[in-house]
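Reproduced below: input_30.txt, with compact mmCIF, C-alpha atoms.
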# COMPACT_ATOMS: atom_id res chain seq x y z
CA MET A 1 -52.34 -1.68 37.25
CA ARG A 2 -49.72 1.04 37.01
CA THR A 3 -49.53 2.86 33.66
CA ASN A 4 -45.95 1.83 32.94
CA ASP A 5 -46.76 -1.83 33.63
CA ALA A 6 -49.58 -1.77 31.06
CA GLN A 7 -47.21 -0.26 28.50
CA MET A 8 -44.55 -2.92 29.16
CA LEU A 9 -47.14 -5.65 28.82
CA VAL A 10 -48.14 -4.29 25.40
CA LEU A 11 -44.52 -4.05 24.29
CA SER A 12 -43.89 -7.64 25.41
CA ALA A 13 -47.02 -8.82 23.61
CA LEU A 14 -45.72 -7.28 20.36
CA ALA A 15 -42.22 -8.73 20.71
CA ASP A 16 -43.01 -11.68 18.41
CA GLY A 17 -44.65 -9.66 15.65
CA PRO A 18 -47.50 -7.30 14.70
CA LEU A 19 -50.92 -7.66 16.36
CA HIS A 20 -54.11 -5.66 16.36
CA GLY A 21 -55.48 -4.29 19.63
CA TYR A 22 -57.75 -7.20 20.51
CA ALA A 23 -54.99 -9.70 19.79
CA VAL A 24 -52.60 -7.68 21.96
CA ASN A 25 -54.95 -8.13 24.89
CA SER A 26 -55.26 -11.85 24.17
CA ALA A 27 -51.45 -12.11 24.24
CA VAL A 28 -51.35 -10.20 27.54
CA GLU A 29 -53.89 -12.63 28.99
CA ARG A 30 -51.79 -15.61 27.91
CA MET A 31 -48.74 -14.07 29.60
CA THR A 32 -50.34 -12.95 32.85
CA GLY A 33 -53.67 -14.72 33.23
CA ALA A 34 -55.63 -11.43 33.05
CA ARG A 35 -56.63 -8.94 30.37
CA LEU A 36 -56.01 -5.21 30.45
CA GLY A 37 -59.10 -3.10 30.98
CA ARG A 38 -60.33 -1.20 27.96
CA GLY A 39 -59.06 2.09 29.36
CA SER A 40 -55.69 0.62 30.33
CA LEU A 41 -55.18 -0.90 26.88
CA SER A 42 -56.24 2.17 24.89
CA GLY A 43 -54.22 4.46 27.19
CA ALA A 44 -51.12 2.28 26.90
CA LEU A 45 -51.42 2.15 23.10
CA ALA A 46 -51.82 5.92 22.87
CA ARG A 47 -48.82 6.61 25.08
CA LEU A 48 -46.62 4.09 23.30
CA ALA A 49 -47.55 5.53 19.91
CA ALA A 50 -46.82 9.06 21.18
CA LYS A 51 -43.39 7.88 22.36
CA ARG A 52 -42.86 6.20 18.96
CA LEU A 53 -42.32 2.85 20.62
CA VAL A 54 -45.10 1.27 18.53
CA GLU A 55 -46.56 2.17 15.16
CA TYR A 56 -49.64 1.26 13.19
CA LEU A 57 -49.10 -0.62 9.96
CA ASP A 58 -52.29 0.87 8.51
CA ASN A 59 -52.28 4.66 8.82
CA ARG A 60 -55.99 5.12 8.13
CA PRO A 61 -57.43 6.20 11.52
CA GLY A 62 -60.91 4.91 10.74
CA GLN A 63 -59.75 1.41 9.90
CA ARG A 64 -60.88 -1.13 12.49
CA GLN A 65 -58.40 -3.53 14.09
CA ARG A 66 -55.35 -1.79 12.70
CA PRO A 67 -52.26 -3.96 13.40
CA LEU A 68 -49.41 -2.53 15.45
CA ARG A 69 -45.75 -3.40 15.59
CA LEU A 70 -42.75 -2.46 17.70
CA THR A 71 -40.48 0.23 16.40
CA ALA A 72 -36.72 -0.01 16.75
CA ALA A 73 -37.03 2.25 19.80
CA GLY A 74 -39.62 -0.08 21.31
CA ARG A 75 -37.35 -3.08 20.88
CA GLU A 76 -34.55 -1.16 22.55
CA VAL A 77 -36.80 -0.44 25.56
CA LEU A 78 -37.50 -4.17 25.93
CA ALA A 79 -33.80 -4.96 25.60
CA ARG A 80 -32.94 -2.32 28.20
CA GLU A 81 -35.42 -3.84 30.63
CA ALA A 82 -33.84 -7.26 30.12
CA ARG A 83 -30.36 -5.83 30.74
CA SER A 84 -31.62 -4.12 33.88
CA LEU A 85 -33.01 -7.42 35.15
CA ALA A 86 -29.66 -9.14 34.54
CA ARG A 87 -27.69 -6.44 36.35
CA THR A 88 -30.00 -6.49 39.35
CA ALA A 89 -30.01 -10.27 39.57
CA ASP A 90 -26.28 -10.82 39.13
CA ALA A 91 -25.44 -8.37 41.90
CA VAL A 92 -27.33 -10.27 44.61
CA PHE A 93 -28.68 -13.64 43.56
CA GLU A 94 -27.07 -17.01 43.00
CA ALA A 95 -26.83 -17.22 39.21
CA ALA A 96 -25.44 -20.73 38.67
CA VAL A 97 -27.68 -23.74 39.11
CA PRO A 98 -26.25 -25.64 42.09
CA ASP A 99 -25.18 -29.27 41.83
CA ARG A 100 -28.18 -31.41 42.81
CA ILE A 101 -26.36 -33.33 45.51
CA ALA A 102 -24.77 -30.20 46.94
CA TYR A 103 -28.18 -28.52 46.94
CA GLN A 104 -29.73 -31.37 48.93
CA ASP A 105 -26.93 -31.28 51.49
CA ARG A 106 -27.06 -27.50 51.75
CA LEU A 107 -30.81 -27.51 52.29
CA ALA A 108 -30.57 -30.24 54.93
CA ALA A 109 -28.08 -28.13 56.88
CA THR A 110 -30.46 -25.16 57.28
CA GLY A 111 -32.13 -24.59 60.62
CA ALA A 112 -35.60 -24.93 59.12
CA ALA A 113 -34.77 -28.31 57.54
CA ARG A 114 -33.19 -29.66 60.71
CA ALA A 115 -36.33 -28.74 62.65
CA TYR A 116 -38.83 -30.42 60.35
CA LYS A 117 -36.59 -33.46 59.87
CA ARG A 118 -36.43 -33.93 63.64
CA ALA A 119 -40.21 -33.66 63.83
CA ALA A 120 -40.63 -36.25 61.05
CA LEU A 121 -38.15 -38.61 62.72
CA ASP A 122 -40.01 -38.35 66.04
CA THR A 123 -43.31 -39.02 64.26
CA LEU A 124 -41.91 -42.19 62.67
CA ALA A 125 -41.55 -43.68 66.17
CA ILE A 126 -38.89 -46.13 65.02
CA ARG A 127 -38.10 -48.85 67.53
CA PRO A 128 -34.91 -50.92 67.77
CA GLY A 129 -35.07 -53.82 65.33
CA HIS A 130 -37.45 -52.14 62.91
CA THR A 131 -37.01 -52.30 59.14
CA VAL A 132 -37.17 -48.73 57.85
CA LEU A 133 -37.56 -47.71 54.20
CA ASP A 134 -36.44 -44.27 52.96
CA LEU A 135 -38.34 -43.64 49.73
CA GLY A 136 -36.31 -41.39 47.45
CA CYS A 137 -33.31 -41.29 49.76
CA GLY A 138 -31.32 -38.93 47.50
CA PRO A 139 -27.67 -38.68 48.57
CA GLY A 140 -28.45 -40.48 51.84
CA THR A 141 -28.96 -37.38 53.96
CA ASP A 142 -31.42 -39.03 56.35
CA LEU A 143 -30.12 -42.60 56.35
CA PRO A 144 -27.68 -42.28 59.29
CA ALA A 145 -30.38 -40.82 61.55
CA LEU A 146 -32.79 -43.59 60.59
CA ALA A 147 -30.08 -46.18 61.28
CA ASP A 148 -29.44 -44.69 64.73
CA GLU A 149 -33.10 -45.08 65.59
CA ALA A 150 -33.38 -48.66 64.28
CA GLY A 151 -30.26 -49.73 66.18
CA PRO A 152 -27.82 -52.52 65.35
CA GLY A 153 -30.64 -55.06 65.16
CA GLY A 154 -32.64 -53.03 62.66
CA THR A 155 -32.39 -52.57 58.89
CA VAL A 156 -32.54 -49.37 56.87
CA LEU A 157 -33.32 -49.53 53.18
CA GLY A 158 -32.77 -46.54 50.90
CA VAL A 159 -34.12 -46.40 47.35
CA ASP A 160 -33.60 -43.79 44.67
CA ARG A 161 -33.98 -43.88 40.90
CA ASP A 162 -31.03 -41.54 40.25
CA PRO A 163 -27.73 -43.46 39.90
CA ASP A 164 -25.62 -40.53 41.13
CA MET A 165 -27.79 -40.04 44.20
CA ALA A 166 -27.78 -43.75 45.00
CA ALA A 167 -24.00 -43.93 44.60
CA ARG A 168 -23.48 -41.01 46.98
CA ALA A 169 -25.89 -42.59 49.49
CA ARG A 170 -23.91 -45.85 49.39
CA THR A 171 -20.69 -43.97 50.02
CA ARG A 172 -22.24 -42.04 52.90
CA THR A 173 -23.48 -45.21 54.59
CA ALA A 174 -20.52 -47.48 53.83
CA LEU A 175 -19.75 -47.85 57.55
CA LEU A 176 -23.36 -48.68 58.46
CA PRO A 177 -23.58 -52.46 57.96
CA SER A 178 -27.37 -52.65 58.35
CA THR A 179 -28.08 -49.88 55.82
CA HIS A 180 -28.57 -50.83 52.18
CA VAL A 181 -29.20 -48.59 49.17
CA GLN A 182 -30.84 -49.80 45.97
CA LEU A 183 -31.44 -48.18 42.62
CA ALA A 184 -35.21 -48.42 42.27
CA ASP A 185 -38.38 -46.60 41.28
CA LEU A 186 -40.95 -45.66 43.94
CA HIS A 187 -43.69 -46.77 41.56
CA ALA A 188 -42.37 -50.38 41.58
CA LEU A 189 -40.51 -51.18 44.80
CA PRO A 190 -38.25 -54.26 44.77
CA PHE A 191 -39.48 -55.60 48.12
CA PRO A 192 -41.99 -58.31 49.08
CA ASP A 193 -45.37 -57.46 50.57
CA ALA A 194 -45.59 -56.59 54.27
CA THR A 195 -41.85 -56.54 55.01
CA VAL A 196 -41.31 -52.95 56.24
CA ASP A 197 -42.21 -51.42 59.62
CA ARG A 198 -41.69 -47.76 58.80
CA ALA A 199 -41.47 -45.76 55.56
CA HIS A 200 -40.43 -42.18 55.02
CA THR A 201 -40.43 -39.51 52.30
CA ASP A 202 -38.82 -36.08 52.43
CA ARG A 203 -39.74 -33.67 49.62
CA VAL A 204 -39.93 -36.58 47.18
CA LEU A 205 -43.59 -37.00 46.25
CA GLN A 206 -43.67 -33.46 44.89
CA HIS A 207 -41.55 -34.77 41.99
CA VAL A 208 -42.89 -38.27 41.20
CA ALA A 209 -44.96 -38.97 38.10
CA ASP A 210 -47.79 -40.74 39.94
CA PRO A 211 -48.10 -40.04 43.68
CA ALA A 212 -51.12 -42.35 44.02
CA ARG A 213 -49.16 -45.30 42.63
CA ALA A 214 -46.18 -44.52 44.86
CA LEU A 215 -48.47 -44.50 47.91
CA ALA A 216 -50.02 -47.80 46.84
CA GLU A 217 -46.54 -49.33 46.64
CA ALA A 218 -45.65 -47.99 50.09
CA ARG A 219 -48.82 -49.54 51.53
CA ARG A 220 -48.04 -52.86 49.82
CA VAL A 221 -44.62 -53.21 51.45
CA LEU A 222 -45.65 -51.97 54.90
CA ARG A 223 -46.58 -54.48 57.54
CA PRO A 224 -50.06 -54.22 59.11
CA GLY A 225 -50.07 -51.24 61.44
CA GLY A 226 -46.87 -49.84 59.88
CA LEU A 227 -46.36 -46.10 59.50
CA LEU A 228 -45.58 -43.97 56.47
CA VAL A 229 -44.47 -40.44 57.40
CA MET A 230 -44.26 -37.93 54.55
CA ALA A 231 -42.69 -34.47 54.78
CA GLU A 232 -43.88 -32.68 51.66
CA PRO A 233 -44.31 -28.99 50.81
CA ASP A 234 -47.37 -27.18 49.52
CA TRP A 235 -45.79 -24.70 47.13
CA GLU A 236 -49.09 -22.92 46.56
CA THR A 237 -48.68 -21.53 50.07
CA LEU A 238 -45.48 -19.76 49.04
CA SER A 239 -45.85 -16.04 49.69
CA ILE A 240 -43.20 -13.42 49.00
CA ASP A 241 -43.81 -9.87 50.17
CA HIS A 242 -44.05 -7.28 47.41
CA PRO A 243 -46.26 -4.18 47.12
CA ASP A 244 -47.78 -5.57 43.90
CA LEU A 245 -49.53 -8.77 44.91
CA ASP A 246 -50.05 -9.70 41.27
CA LEU A 247 -46.29 -10.16 40.89
CA THR A 248 -45.95 -12.51 43.87
CA ARG A 249 -48.97 -14.47 42.68
CA ALA A 250 -47.42 -14.75 39.21
CA TYR A 251 -44.17 -16.06 40.73
CA THR A 252 -45.96 -18.70 42.79
CA ARG A 253 -48.29 -19.63 39.93
CA HIS A 254 -45.33 -20.21 37.63
CA LEU A 255 -43.60 -22.33 40.28
CA THR A 256 -46.62 -24.60 40.74
CA ASP A 257 -47.56 -24.65 37.04
CA ARG A 258 -44.17 -25.16 35.45
CA VAL A 259 -41.40 -25.96 37.95
CA VAL A 260 -42.69 -28.46 40.53
CA ARG A 261 -44.60 -31.42 39.13
CA ASN A 262 -46.94 -31.82 42.13
CA GLY A 263 -46.85 -28.35 43.63
CA ALA A 264 -49.81 -28.81 45.99
CA ILE A 265 -48.91 -32.33 47.16
CA GLY A 266 -48.61 -31.24 50.80
CA ARG A 267 -52.33 -30.57 51.09
CA GLN A 268 -53.31 -33.52 48.89
CA LEU A 269 -51.60 -36.29 50.86
CA PRO A 270 -54.37 -36.98 53.41
CA ARG A 271 -56.82 -37.59 50.57
CA LEU A 272 -54.38 -39.60 48.46
CA ALA A 273 -53.27 -41.70 51.42
CA ALA A 274 -56.87 -42.50 52.36
CA ALA A 275 -57.54 -43.53 48.74
CA ALA A 276 -54.54 -45.88 48.94
CA GLY A 277 -56.07 -47.62 51.97
CA PHE A 278 -54.24 -45.85 54.80
CA THR A 279 -55.73 -44.19 57.80
CA VAL A 280 -54.36 -40.69 58.43
CA PRO A 281 -54.10 -40.06 62.18
CA ALA A 282 -52.17 -36.79 62.01
CA VAL A 283 -51.05 -33.91 59.80
CA LEU A 284 -48.53 -31.44 61.19
CA PRO A 285 -48.07 -28.16 59.28
CA VAL A 286 -44.56 -26.76 59.51
CA PRO A 287 -44.24 -23.17 58.27
CA THR A 288 -40.86 -21.88 57.15
CA VAL A 289 -40.26 -18.14 57.30
CA PHE A 290 -37.39 -16.43 55.46
CA ARG A 291 -36.26 -12.98 56.58
CA ASP A 292 -32.85 -13.07 54.87
CA LEU A 293 -32.78 -12.72 51.09
CA ARG A 294 -29.63 -14.75 50.49
CA THR A 295 -30.84 -17.63 52.64
CA ALA A 296 -34.16 -17.67 50.79
CA ASP A 297 -32.39 -17.51 47.44
CA GLN A 298 -30.32 -20.59 48.28
CA VAL A 299 -33.55 -22.53 48.78
CA LEU A 300 -35.89 -20.90 46.26
CA GLY A 301 -33.52 -19.86 43.45
CA LEU A 302 -35.26 -16.52 43.17
CA GLN A 303 -33.35 -15.17 40.18
CA ARG A 304 -33.44 -18.39 38.18
CA THR A 305 -37.12 -18.94 38.82
CA THR A 306 -37.98 -15.35 37.93
CA GLU A 307 -36.04 -15.66 34.67
CA ARG A 308 -37.91 -18.87 33.85
CA ALA A 309 -41.20 -17.15 34.68
CA LEU A 310 -40.23 -14.30 32.36
CA ALA A 311 -39.44 -16.73 29.54
CA ALA A 312 -42.77 -18.50 30.11
CA GLY A 313 -44.75 -15.24 29.97
CA TYR A 314 -45.68 -14.94 33.64
CA PHE A 315 -43.62 -11.71 33.86
CA THR A 316 -42.71 -9.01 31.39
CA PRO A 317 -39.12 -7.75 31.38
CA HIS A 318 -40.30 -4.70 33.29
CA THR A 319 -42.27 -6.58 35.96
CA ALA A 320 -39.50 -9.18 36.41
CA ALA A 321 -36.96 -6.41 36.94
CA ALA A 322 -39.30 -4.60 39.33
CA PHE A 323 -39.91 -7.80 41.30
CA LEU A 324 -36.23 -8.62 41.81
CA ASP A 325 -35.27 -4.99 42.40
CA HIS A 326 -37.77 -4.71 45.25
CA LEU A 327 -36.53 -7.95 46.81
CA THR A 328 -32.97 -6.63 46.86
CA HIS A 329 -33.76 -3.25 48.40
CA ALA A 330 -36.75 -3.70 50.74
CA PRO A 331 -36.94 -5.74 53.95
CA PHE A 332 -37.34 -9.33 52.78
CA PHE A 333 -40.10 -11.71 53.83
CA ALA A 334 -41.22 -15.04 52.41
CA ALA A 335 -43.01 -18.05 53.86
CA VAL A 336 -44.04 -21.52 52.74
CA THR A 337 -45.69 -24.43 54.55
CA LEU A 338 -44.54 -28.05 54.58
CA HIS A 339 -46.88 -30.74 55.93
CA ILE A 340 -45.76 -33.83 57.85
CA THR A 341 -48.48 -36.35 57.11
CA THR A 342 -48.71 -39.63 59.03
CA ALA A 343 -50.38 -42.56 57.27
CA GLN A 344 -50.94 -45.94 58.92
CA SER A 345 -51.37 -49.28 57.22
CA PRO A 346 -54.51 -51.10 58.48
CA PRO A 347 -53.77 -53.47 61.35
CA THR A 348 -54.30 -57.20 60.99
CA PRO A 349 -58.04 -57.98 61.38

Representation of the structure as structure tokens:
Amino acid sequence: MRTNDAQMLVLSALADGPLHGYAVNSAVERMTGARLGRGSLSGALARLAAKRLVEYLDNRPGQRQRPLRLTAAGREVLAREARSLARTADAVFEAAVPDRIAYQDRLAATGAARAYKRAALDTLAIRPGHTVLDLGCGPGTDLPALADEAGPGGTVLGVDRDPDMAARARTRTALLPSTHVQLADLHALPFPDATVDRAHTDRVLQHVADPARALAEARRVLRPGGLLVMAEPDWETLSIDHPDLDLTRAYTRHLTDRVVRNGAIGRQLPRLAAAAGFTVPAVLPVPTVFRDLRTADQVLGLQRTTERALAAGYFTPHTAAAFLDHLTHAPFFAAVTLHITTAQSPPTP
């Protein structure tokens, strides 16, 4: 670890009040998942004390476990780092949280999304006359394409638990007479057993409370031999290039720990589908590579997620600023893998 990083970690650990040396390291471990080495900790404390950024409350050198606290100068250093992070972020990154419906539409319009959606649609193998169920249809982004495949003799059913999403999906499909949108929960679908030929999810199971129950409901409503095709990301595969790998790992760890409910669902689906009684004939990994910072930020919310990681203790003000500063000035690279998993309901014996 670089010397200045160790010092910023110690300053951040002391932000909430005085601690002795061992407790400082425990606070650093809670923030970052790792402790400072003995030499790194003692060196950081010595340098910070020499700079008068920290001070001992007990001035007797021989006293064990003397508590330390931030000085006014130390607090100003932390505040300056936070201001630096804000300036860097505001200059490049999208600061405002986008409207949820607008975000879904914007993501669907990207080249990467169009490619994996086409692959998922081909995998569904919808035939004219089929009944197709879009689980978590959102604002109805995929419903027109599903309706085209099912033809005038088919039926497309969209379900979503969010009233605003369902209302937008109804508006979007108002001219499609065989497409119907219902407000419903994936954990308790309002359809009889064995009434659906094809079912589809697109980045939905990463958010549900109980993926196993949602899969069981999908199997219940599928006819024998019916297909469920799921396009779901594995956020633990997210990699962002930075010279300090610990920072990129902290970013991804925060995303999967705190932001996405089921961050590794992409890799888990074959196992969960098999447990629900499906066979799993195919899994297609679809990597997405970002070389443009602004494009990646529109999908990943790099500034907002970094700020949340800072607040949760995964970054210090210094490391958060260093992370975003590097992203804005160096050639950008990030990648994440989405898996298209095909699950088949058992055929009639």

Within 9 Å of stretch 263-267 of chain A, which residues of stretch 107-221 of chain A come that close, and what is the closest atom pair and distance in Å for each? Count all atoms listed in the file and give it as CSV.
residue,atom,partner,partner_atom,distance
A:Leu205,CA,A:Ile265,CA,7.1
A:Gln206,CA,A:Ile265,CA,5.8
A:His207,CA,A:Gly263,CA,8.5
A:Pro211,CA,A:Ile265,CA,8.5

Have a look at A:Leu215, A:Ala27, A:Ala334, A:Leu70 and name the one nearest to A:Leu300; count all atoms listed in the file.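 Between A:Leu215, A:Ala27, A:Ala334, A:Leu70, the residue approaching A:Leu300 most closely is A:Ala334.
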
Between A:Val28, A:Arg219, A:Arg271, A:Val229, smallest distance to A:Ala119 by all atoms listed in the file belongs to A:Val229

Find the residue from A:Leu121, A:Val259, A:Val156, A:Ala6 that sits nearest to A:Gly37; use all atoms listed in the file when measuring.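 Comparing A:Leu121, A:Val259, A:Val156, A:Ala6 against A:Gly37, the winner is A:Ala6.
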
Distance query 12 Å from (-32.3, -14.8, 54.9) using all atoms listed in the file, result as JSON, numbers by chain: {"A": [93, 110, 111, 112, 288, 289, 290, 291, 292, 293, 294, 295, 296, 297, 298, 299, 300, 327, 328, 331, 332, 333, 334, 335]}

Identify which of the residues A:Arg52, A:Arg38, A:Arg127, A:Arg258 lies closest to A:Ala309, counting only C-alpha atoms when measuring atom-to-atom distances.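 Under the stated criterion, the closest residue is A:Arg258.
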
Can you pull out the residues contacting A:Leu14? Cut-off 10 Å, using only C-alpha atoms, and skip same-chain residues under 2 positions away; I want them as a short mmCIF file (atom, residue, chain, number, x, y, z; two decimals) with C-alpha atoms, in the coordinates of the input.
data_model
loop_
_atom_site.label_atom_id
_atom_site.label_comp_id
_atom_site.auth_asym_id
_atom_site.auth_seq_id
_atom_site.Cartn_x
_atom_site.Cartn_y
_atom_site.Cartn_z
CA MET A 8 -44.55 -2.92 29.16
CA LEU A 9 -47.14 -5.65 28.82
CA VAL A 10 -48.14 -4.29 25.40
CA LEU A 11 -44.52 -4.05 24.29
CA SER A 12 -43.89 -7.64 25.41
CA ASP A 16 -43.01 -11.68 18.41
CA GLY A 17 -44.65 -9.66 15.65
CA PRO A 18 -47.50 -7.30 14.70
CA LEU A 19 -50.92 -7.66 16.36
CA HIS A 20 -54.11 -5.66 16.36
CA ALA A 23 -54.99 -9.70 19.79
CA VAL A 24 -52.60 -7.68 21.96
CA ALA A 27 -51.45 -12.11 24.24
CA VAL A 28 -51.35 -10.20 27.54
CA VAL A 54 -45.10 1.27 18.53
CA LEU A 68 -49.41 -2.53 15.45
CA ARG A 69 -45.75 -3.40 15.59
CA LEU A 70 -42.75 -2.46 17.70
CA THR A 71 -40.48 0.23 16.40
CA GLY A 74 -39.62 -0.08 21.31
CA ARG A 75 -37.35 -3.08 20.88
#

If we draw a sphere of 8 Å around (-29.3, -47.0, 39.4), which residues have at least one atom in it when counting all atoms listed in the file? Please report them as number ranges by chain. A: 160-164, 166, 182-184

Please produce a file of those selected residues containing C-alpha atoms, as a tab-separated table (two decimals), in the coordinates of the input.
chain	number	residue	atom	x	y	z
A	160	ASP	CA	-33.60	-43.79	44.67
A	161	ARG	CA	-33.98	-43.88	40.90
A	162	ASP	CA	-31.03	-41.54	40.25
A	163	PRO	CA	-27.73	-43.46	39.90
A	164	ASP	CA	-25.62	-40.53	41.13
A	166	ALA	CA	-27.78	-43.75	45.00
A	182	GLN	CA	-30.84	-49.80	45.97
A	183	LEU	CA	-31.44	-48.18	42.62
A	184	ALA	CA	-35.21	-48.42	42.27

Counting all atoms listed in the file, which residues of stretch 291-345 of chain A sit at most 12 Å from some atom of stretch 188-204 of chain A, and what is each one's closest atom pair with its distance in Å to one decimal, listed by chain and rising residue number, as CSV?
residue,atom,partner,partner_atom,distance
A:Leu338,CA,A:Arg203,CA,8.9
A:His339,CA,A:Arg203,CA,10.0
A:Ile340,CA,A:Asp202,CA,9.1
A:Thr341,CA,A:Thr201,CA,9.9
A:Thr342,CA,A:His200,CA,9.5
A:Ala343,CA,A:Ala199,CA,9.6
A:Gln344,CA,A:Arg198,CA,9.4
A:Ser345,CA,A:Asp197,CA,9.7

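The space separating atom CA of A:Asp134 from atom CA of A:Val181 comes to 9.2 Å.
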
One-decimal distance in Å that lies between atom CA of A:Leu53 and atom CA of A:Ala73: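 Taking atom CA of A:Ala73 and atom CA of A:Leu53, their separation equals 5.4 Å.
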
Record the distance separating atom CA of A:Gly138 and atom CA of A:Ala150, expressed in Å with one decimal.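 If I compute the distance from atom CA of A:Gly138 to atom CA of A:Ala150, I get 19.5 Å.
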
Proximity to A:Tyr103 - best of A:Leu245, A:Met165, A:Leu133, A:Leu228, only C-alpha atoms: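 Once distances to A:Tyr103 are computed over only C-alpha atoms, the minimum belongs to A:Met165.
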
Compile the contact shell of A:Arg35 as a CSV table (one decimal) with C-alpha atoms, in the coordinates of the input: residues with an atom at most 8 Å away, counting only C-alpha atoms, same-chain residues fewer than 6 positions apart removed.
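out-v8.csv, written as the output of this step:
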chain,number,residue,atom,x,y,z
A,25,ASN,CA,-55.0,-8.1,24.9
A,26,SER,CA,-55.3,-11.8,24.2
A,28,VAL,CA,-51.4,-10.2,27.5
A,29,GLU,CA,-53.9,-12.6,29.0

Reconstruct N, CA and C atoms of stretch 216-234 of chain A from the incomplete input and present them as a JSON list (two decimals), in the frame of the given file.
[["chain", "number", "residue", "atom", "x", "y", "z"],
["A", 216, "ALA", "N", -49.54, -46.41, 46.88],
["A", 216, "ALA", "CA", -50.02, -47.80, 46.84],
["A", 216, "ALA", "C", -48.87, -48.78, 47.05],
["A", 217, "GLU", "N", -47.71, -48.48, 46.45],
["A", 217, "GLU", "CA", -46.54, -49.33, 46.64],
["A", 217, "GLU", "C", -46.05, -49.28, 48.09],
["A", 218, "ALA", "N", -46.06, -48.10, 48.69],
["A", 218, "ALA", "CA", -45.65, -47.99, 50.09],
["A", 218, "ALA", "C", -46.58, -48.81, 50.98],
["A", 219, "ARG", "N", -47.87, -48.75, 50.72],
["A", 219, "ARG", "CA", -48.82, -49.54, 51.53],
["A", 219, "ARG", "C", -48.58, -51.04, 51.33],
["A", 220, "ARG", "N", -48.26, -51.44, 50.10],
["A", 220, "ARG", "CA", -48.04, -52.86, 49.82],
["A", 220, "ARG", "C", -46.89, -53.42, 50.66],
["A", 221, "VAL", "N", -45.79, -52.66, 50.78],
["A", 221, "VAL", "CA", -44.62, -53.21, 51.45],
["A", 221, "VAL", "C", -44.66, -53.01, 52.96],
["A", 222, "LEU", "N", -45.56, -52.17, 53.45],
["A", 222, "LEU", "CA", -45.65, -51.97, 54.90],
["A", 222, "LEU", "C", -46.37, -53.13, 55.57],
["A", 223, "ARG", "N", -45.90, -53.49, 56.74],
["A", 223, "ARG", "CA", -46.58, -54.48, 57.54],
["A", 223, "ARG", "C", -47.88, -53.89, 58.09],
["A", 224, "PRO", "N", -48.84, -54.74, 58.47],
["A", 224, "PRO", "CA", -50.06, -54.22, 59.11],
["A", 224, "PRO", "C", -49.73, -53.35, 60.32],
["A", 225, "GLY", "N", -50.34, -52.18, 60.36],
["A", 225, "GLY", "CA", -50.07, -51.24, 61.44],
["A", 225, "GLY", "C", -48.84, -50.39, 61.24],
["A", 226, "GLY", "N", -48.09, -50.62, 60.14],
["A", 226, "GLY", "CA", -46.87, -49.84, 59.88],
["A", 226, "GLY", "C", -47.18, -48.39, 59.54],
["A", 227, "LEU", "N", -46.18, -47.53, 59.71],
["A", 227, "LEU", "CA", -46.36, -46.10, 59.50],
["A", 227, "LEU", "C", -45.57, -45.61, 58.29],
["A", 228, "LEU", "N", -46.22, -44.73, 57.53],
["A", 228, "LEU", "CA", -45.58, -43.97, 56.47],
["A", 228, "LEU", "C", -45.66, -42.50, 56.87],
["A", 229, "VAL", "N", -44.51, -41.85, 57.02],
["A", 229, "VAL", "CA", -44.47, -40.44, 57.40],
["A", 229, "VAL", "C", -43.86, -39.66, 56.24],
["A", 230, "MET", "N", -44.63, -38.67, 55.76],
["A", 230, "MET", "CA", -44.26, -37.93, 54.55],
["A", 230, "MET", "C", -44.10, -36.45, 54.88],
["A", 231, "ALA", "N", -42.94, -35.90, 54.62],
["A", 231, "ALA", "CA", -42.69, -34.47, 54.78],
["A", 231, "ALA", "C", -42.66, -33.85, 53.38],
["A", 232, "GLU", "N", -43.74, -33.19, 53.02],
["A", 232, "GLU", "CA", -43.88, -32.68, 51.66],
["A", 232, "GLU", "C", -44.41, -31.25, 51.68],
["A", 233, "PRO", "N", -43.89, -30.38, 50.82],
["A", 233, "PRO", "CA", -44.31, -28.99, 50.81],
["A", 233, "PRO", "C", -45.59, -28.78, 50.02],
["A", 234, "ASP", "N", -46.27, -27.68, 50.33],
["A", 234, "ASP", "CA", -47.37, -27.18, 49.52],
["A", 234, "ASP", "C", -46.90, -25.85, 48.94]]
